[in-house]
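Down below is the structure, laid out as structure tokens.
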Amino acid sequence: MTVVSPANTARPEVSRAGRISVAISDGVATVEICNPAQRNALTRAMCLEIQELMPQLDADPDVAVVVLRGAGNTFCAGAAISELASVLIDRQADSSTVDHLSAADAAIAAVSKPTVALVDGACMGGGWQIASACDFIIANERAIIGLTPAKIGIIYPRPGIERLIRQVGHAKAKYILLTGETFSATEARALGLVADVVPSESFEEKCAALVSSLRSRSQFSMYSMKRLMDLTDASGSGLAVIDQEWAEAWSAMPDSPDMEIGVNAFLNREQPRFTWRPVG
């Protein structure tokens with residue numbers, strides 16, 4: 001894993017194939033998938049790096065937003081075909097198996113801070129699964145998205161299928177997975193696979209502006225609302241648990257410094273400078 005953390009440091013160029021790199025600058029951690037020899041396909045080692053990295057970024061007080069992207073003009077070609085079995089069904093000494101792709105997915109989904117996937121170029125198979133583990137996906141208009149397990153005789157991982165159904169509905173999910181078709185960025189947005197599509201000529205500029213806007217928002221608001229939305233979306237969460245979480249979040253709102261800061265800034269027509277930070 002390559003880590004670059006000084007402030008105002010540009011995204012690093014990674015020469016080694018099959019690595020996950022991260023650059024931290026001005027509160028934004030940019031995580032880059034880099035495996036140019038295989039169109040940024042994910043190896044077992046890369047999935048393990050993601051699993052190790054995400055909790056570190058979540059705990060880092062210098063990180064407020066996490067961005068996931070691919071090196072060059074490809075987001076991710078999915079699980080590396082040369083390592084498909086070890087990525088998806090890695091057999092352990094006790095004869096159990098581990099799905100490292102879904103473990104990487106879970107690590108991204110567990111981040112309590114805002115996470116954004118910036119998809120340029122190909123985003124295939126497991127590439128969409130880890131991108132969709134972020135809070136939302138912004139795609140370059142030249143992006144191509146495809147969930148193609150039916151083309152190679154495998155089953156898409158359960159977390160990916162369940163999230164796909166939640167995002168696009170049963171009928172569209174079946175259409176996407178059973179046909180194995182690839183979609184343009186605009187088609188993917190219409191289906192619900194991505195949140196927004198940005199023209200190629202302004203992709204970097206507009207994505208930087210989006211990330212900057214997230215960086216300026218109240219961390220109390222974003223952290224709380226993300227947790228509540230994720231809890232509501234979780235199938236195993238009982239109504240009593242959800243009610244309790246909502247009650248605790250609502251009661252914490254007036255005690256957060258951000259509410260007073262935001263209201264005063266609005267009344268004075270100023271840009272708010274929020275101060276709340278998650279504890280622990």
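Ordering of the structure tokens sets the chain letters (A, B, ...); residue numbers start at 1 within each chain; ligands are numbered from 1 in the order shown.
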
- Task: Pick out each residue of region 172-246 of chain A that DSSP on the backbone tags as helix (DSSP H, G or I); I need them as an MDAnalysis selection string.
- Result: chainID A and resid 172:179 185:191 200:216 219:233 239:246

Per-residue nearest contacts of region 131-171 of chain A to region 224-231 of chain A (12 Å; only C-alpha atoms) as CSV:
```
residue,atom,partner,partner_atom,distance
A:Ala133,CA,A:Asp230,CA,11.2
A:Cys134,CA,A:Lys226,CA,11.1
A:Asp135,CA,A:Lys226,CA,8.4
A:Phe136,CA,A:Lys226,CA,11.5
A:Arg163,CA,A:Asp230,CA,11.7
A:Arg166,CA,A:Asp230,CA,11.9
```

With C-alpha atoms retained, export the selected residues as a PDB file, in the first residue's frame.
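Result written to out29.pdb:
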```
ATOM      1  CA  ALA A 133     -20.173   0.465  -1.534  1.00  0.00           C
ATOM      2  CA  CYS A 134     -19.450   4.206  -1.500  1.00  0.00           C
ATOM      3  CA  ASP A 135     -22.286   6.593  -0.668  1.00  0.00           C
ATOM      4  CA  PHE A 136     -22.695   7.479  -4.330  1.00  0.00           C
ATOM      5  CA  ARG A 163     -27.306  -3.634  -3.051  1.00  0.00           C
ATOM      6  CA  ARG A 166     -32.031  -1.959  -3.366  1.00  0.00           C
TER       7      ARG A 166
END
```

- Task: Please identify all polymer residues within 12 Å of Lys172 (chain A), counting only C-alpha atoms, omitting same-chain residues fewer than 5 positions from it, and present them as a VMD selection string.
- Result: chain A and resid 161 164 to 167 177 to 181 188 190 to 193

- In terms of the shortest atom-to-atom distance over only C-alpha atoms, which of A:Ala240, A:Met259, A:Ile108, A:Ile130 is closest to Trp276 (chain A)? A:Met259

Can you pull out the residues contacting Ala104 (chain A)? Cut-off 10 Å, using only C-alpha atoms, and skip same-chain residues under 4 positions away; I want them as a short mmCIF file (atom, residue, chain, number, x, y, z; two decimals) with all heavy atoms, in the first residue's frame.
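Written file, around.cif:
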```cif
data_model
loop_
_atom_site.label_atom_id
_atom_site.label_comp_id
_atom_site.auth_asym_id
_atom_site.auth_seq_id
_atom_site.Cartn_x
_atom_site.Cartn_y
_atom_site.Cartn_z
N ARG A 44 -6.33 -10.48 -5.00
CA ARG A 44 -6.57 -10.81 -3.59
C ARG A 44 -5.82 -9.84 -2.69
O ARG A 44 -6.37 -9.33 -1.71
CB ARG A 44 -6.12 -12.25 -3.32
CG ARG A 44 -6.23 -12.69 -1.86
CD ARG A 44 -5.73 -14.12 -1.71
NE ARG A 44 -5.79 -14.58 -0.34
CZ ARG A 44 -4.86 -14.33 0.60
NH1 ARG A 44 -3.78 -13.61 0.28
NH2 ARG A 44 -5.01 -14.79 1.83
N MET A 46 -4.88 -6.79 -3.28
CA MET A 46 -5.48 -5.46 -3.31
C MET A 46 -6.74 -5.40 -2.46
O MET A 46 -7.00 -4.41 -1.77
CB MET A 46 -5.76 -5.05 -4.75
CG MET A 46 -4.50 -4.85 -5.58
SD MET A 46 -4.84 -4.75 -7.36
CE MET A 46 -5.65 -3.16 -7.49
N CYS A 47 -7.55 -6.47 -2.51
CA CYS A 47 -8.74 -6.52 -1.66
C CYS A 47 -8.36 -6.47 -0.19
O CYS A 47 -9.02 -5.81 0.62
CB CYS A 47 -9.54 -7.78 -1.95
SG CYS A 47 -10.35 -7.79 -3.57
N LEU A 48 -7.28 -7.16 0.17
CA LEU A 48 -6.81 -7.14 1.56
C LEU A 48 -6.31 -5.75 1.94
O LEU A 48 -6.52 -5.30 3.07
CB LEU A 48 -5.70 -8.17 1.75
CG LEU A 48 -6.12 -9.65 1.67
CD1 LEU A 48 -4.91 -10.56 1.66
CD2 LEU A 48 -7.05 -10.01 2.83
N GLU A 49 -5.68 -5.05 1.01
CA GLU A 49 -5.22 -3.69 1.28
C GLU A 49 -6.39 -2.75 1.56
O GLU A 49 -6.33 -1.90 2.45
CB GLU A 49 -4.38 -3.17 0.12
CG GLU A 49 -3.01 -3.82 0.00
CD GLU A 49 -2.19 -3.26 -1.14
OE1 GLU A 49 -2.62 -2.26 -1.75
OE2 GLU A 49 -1.11 -3.81 -1.43
N ILE A 50 -7.46 -2.90 0.77
CA ILE A 50 -8.65 -2.08 1.00
C ILE A 50 -9.24 -2.36 2.38
O ILE A 50 -9.63 -1.44 3.11
CB ILE A 50 -9.70 -2.34 -0.10
CG1 ILE A 50 -9.20 -1.82 -1.44
CG2 ILE A 50 -11.04 -1.68 0.26
CD1 ILE A 50 -10.08 -2.18 -2.62
N GLN A 51 -9.28 -3.63 2.76
CA GLN A 51 -9.81 -4.01 4.07
C GLN A 51 -8.99 -3.40 5.20
O GLN A 51 -9.52 -3.01 6.24
CB GLN A 51 -9.82 -5.53 4.21
CG GLN A 51 -10.77 -6.24 3.26
CD GLN A 51 -10.56 -7.73 3.27
OE1 GLN A 51 -10.53 -8.36 4.33
NE2 GLN A 51 -10.44 -8.33 2.10
N GLU A 52 -7.68 -3.30 5.01
CA GLU A 52 -6.81 -2.72 6.03
C GLU A 52 -6.90 -1.20 6.04
O GLU A 52 -6.89 -0.57 7.11
CB GLU A 52 -5.36 -3.15 5.75
CG GLU A 52 -4.35 -2.55 6.70
CD GLU A 52 -2.91 -2.87 6.31
OE1 GLU A 52 -2.71 -3.62 5.32
OE2 GLU A 52 -1.99 -2.37 6.98
N LEU A 53 -7.01 -0.61 4.86
CA LEU A 53 -6.94 0.84 4.74
C LEU A 53 -8.19 1.55 5.24
O LEU A 53 -8.09 2.58 5.92
CB LEU A 53 -6.69 1.21 3.27
CG LEU A 53 -6.72 2.69 2.91
CD1 LEU A 53 -5.61 3.44 3.64
CD2 LEU A 53 -6.58 2.87 1.40
N MET A 54 -9.36 1.06 4.91
CA MET A 54 -10.59 1.81 5.19
C MET A 54 -10.80 2.12 6.67
O MET A 54 -11.15 3.25 7.02
CB MET A 54 -11.79 1.10 4.58
CG MET A 54 -11.82 1.14 3.07
SD MET A 54 -11.87 2.85 2.44
CE MET A 54 -11.31 2.59 0.75
N ASP A 99 -14.68 -14.59 0.68
CA ASP A 99 -14.91 -13.71 -0.46
C ASP A 99 -14.22 -12.38 -0.14
O ASP A 99 -14.78 -11.52 0.53
CB ASP A 99 -16.42 -13.53 -0.67
CG ASP A 99 -16.77 -12.54 -1.77
OD1 ASP A 99 -15.85 -11.95 -2.37
OD2 ASP A 99 -17.98 -12.34 -2.01
N HIS A 100 -13.00 -12.22 -0.65
CA HIS A 100 -12.21 -11.03 -0.32
C HIS A 100 -12.78 -9.77 -0.99
O HIS A 100 -12.64 -8.67 -0.44
CB HIS A 100 -10.76 -11.23 -0.73
CG HIS A 100 -10.05 -12.29 0.06
ND1 HIS A 100 -9.76 -12.15 1.40
CD2 HIS A 100 -9.60 -13.52 -0.31
CE1 HIS A 100 -9.14 -13.24 1.83
NE2 HIS A 100 -9.04 -14.09 0.82
N ILE A 108 -15.42 -0.68 2.84
CA ILE A 108 -15.78 0.63 2.30
C ILE A 108 -17.13 1.07 2.85
O ILE A 108 -17.31 2.22 3.29
CB ILE A 108 -15.82 0.58 0.76
CG1 ILE A 108 -14.43 0.25 0.20
CG2 ILE A 108 -16.32 1.91 0.20
CD1 ILE A 108 -14.44 -0.08 -1.29
N ALA A 109 -18.09 0.16 2.84
CA ALA A 109 -19.45 0.50 3.30
C ALA A 109 -19.48 0.87 4.78
O ALA A 109 -20.37 1.61 5.21
CB ALA A 109 -20.39 -0.67 3.03
N ALA A 110 -18.52 0.37 5.56
CA ALA A 110 -18.50 0.61 6.99
C ALA A 110 -17.92 1.98 7.36
O ALA A 110 -18.01 2.40 8.52
CB ALA A 110 -17.71 -0.49 7.70
N GLN A 129 -19.25 -3.21 -7.78
CA GLN A 129 -19.60 -3.57 -6.41
C GLN A 129 -18.86 -2.70 -5.40
O GLN A 129 -19.47 -2.19 -4.46
CB GLN A 129 -19.31 -5.05 -6.13
CG GLN A 129 -19.74 -5.46 -4.71
CD GLN A 129 -19.54 -6.92 -4.40
OE1 GLN A 129 -19.45 -7.75 -5.30
NE2 GLN A 129 -19.47 -7.25 -3.13
N ILE A 130 -17.55 -2.51 -5.58
CA ILE A 130 -16.83 -1.68 -4.60
C ILE A 130 -17.15 -0.20 -4.78
O ILE A 130 -17.16 0.56 -3.81
CB ILE A 130 -15.31 -1.95 -4.62
CG1 ILE A 130 -14.69 -1.56 -5.96
CG2 ILE A 130 -14.99 -3.38 -4.25
CD1 ILE A 130 -13.19 -1.44 -5.87
N ALA A 133 -20.31 0.47 -2.99
CA ALA A 133 -20.17 0.46 -1.53
C ALA A 133 -19.97 1.87 -1.00
O ALA A 133 -20.17 2.13 0.19
CB ALA A 133 -19.01 -0.44 -1.12
#
```

- Task: Pick out the residues sitting within 10 Å of Thr97 (chain A), and hand them over as a list in words; count only C-alpha atoms, and ignore anything fewer than 5 positions along from it in its own chain.
- Result: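 Non-adjacent residues within range: Ala85, Ser86, Leu88, Ile89, Asp90, Arg91 and Gln92 of chain A.
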
Expected file contents, prior selection, N, CA, C and O atoms, as a CSV table (one decimal), in the first residue's frame:
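Ended up saving to selection12.csv:
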```
chain,number,residue,atom,x,y,z
A,85,ALA,N,-10.6,-17.2,-8.4
A,85,ALA,CA,-10.9,-18.1,-7.3
A,85,ALA,C,-10.4,-17.6,-6.0
A,85,ALA,O,-11.1,-17.6,-4.9
A,86,SER,N,-9.2,-17.1,-5.9
A,86,SER,CA,-8.6,-16.6,-4.7
A,86,SER,C,-9.2,-15.3,-4.2
A,86,SER,O,-9.2,-15.0,-3.0
A,88,LEU,N,-12.6,-14.5,-4.9
A,88,LEU,CA,-14.0,-14.7,-4.5
A,88,LEU,C,-14.3,-15.9,-3.6
A,88,LEU,O,-15.2,-15.9,-2.8
A,89,ILE,N,-13.5,-17.0,-3.7
A,89,ILE,CA,-13.7,-18.2,-2.9
A,89,ILE,C,-12.4,-18.7,-2.4
A,89,ILE,O,-12.0,-19.9,-2.7
A,90,ASP,N,-11.7,-17.9,-1.7
A,90,ASP,CA,-10.4,-18.3,-1.2
A,90,ASP,C,-10.5,-19.4,-0.1
A,90,ASP,O,-11.1,-19.1,1.0
A,91,ARG,N,-10.1,-20.6,-0.4
A,91,ARG,CA,-10.3,-21.7,0.6
A,91,ARG,C,-9.4,-21.6,1.7
A,91,ARG,O,-8.2,-21.5,1.5
A,92,GLN,N,-9.9,-21.8,2.9
A,92,GLN,CA,-9.1,-21.7,4.1
A,92,GLN,C,-8.7,-23.1,4.7
A,92,GLN,O,-9.2,-24.1,4.2
```
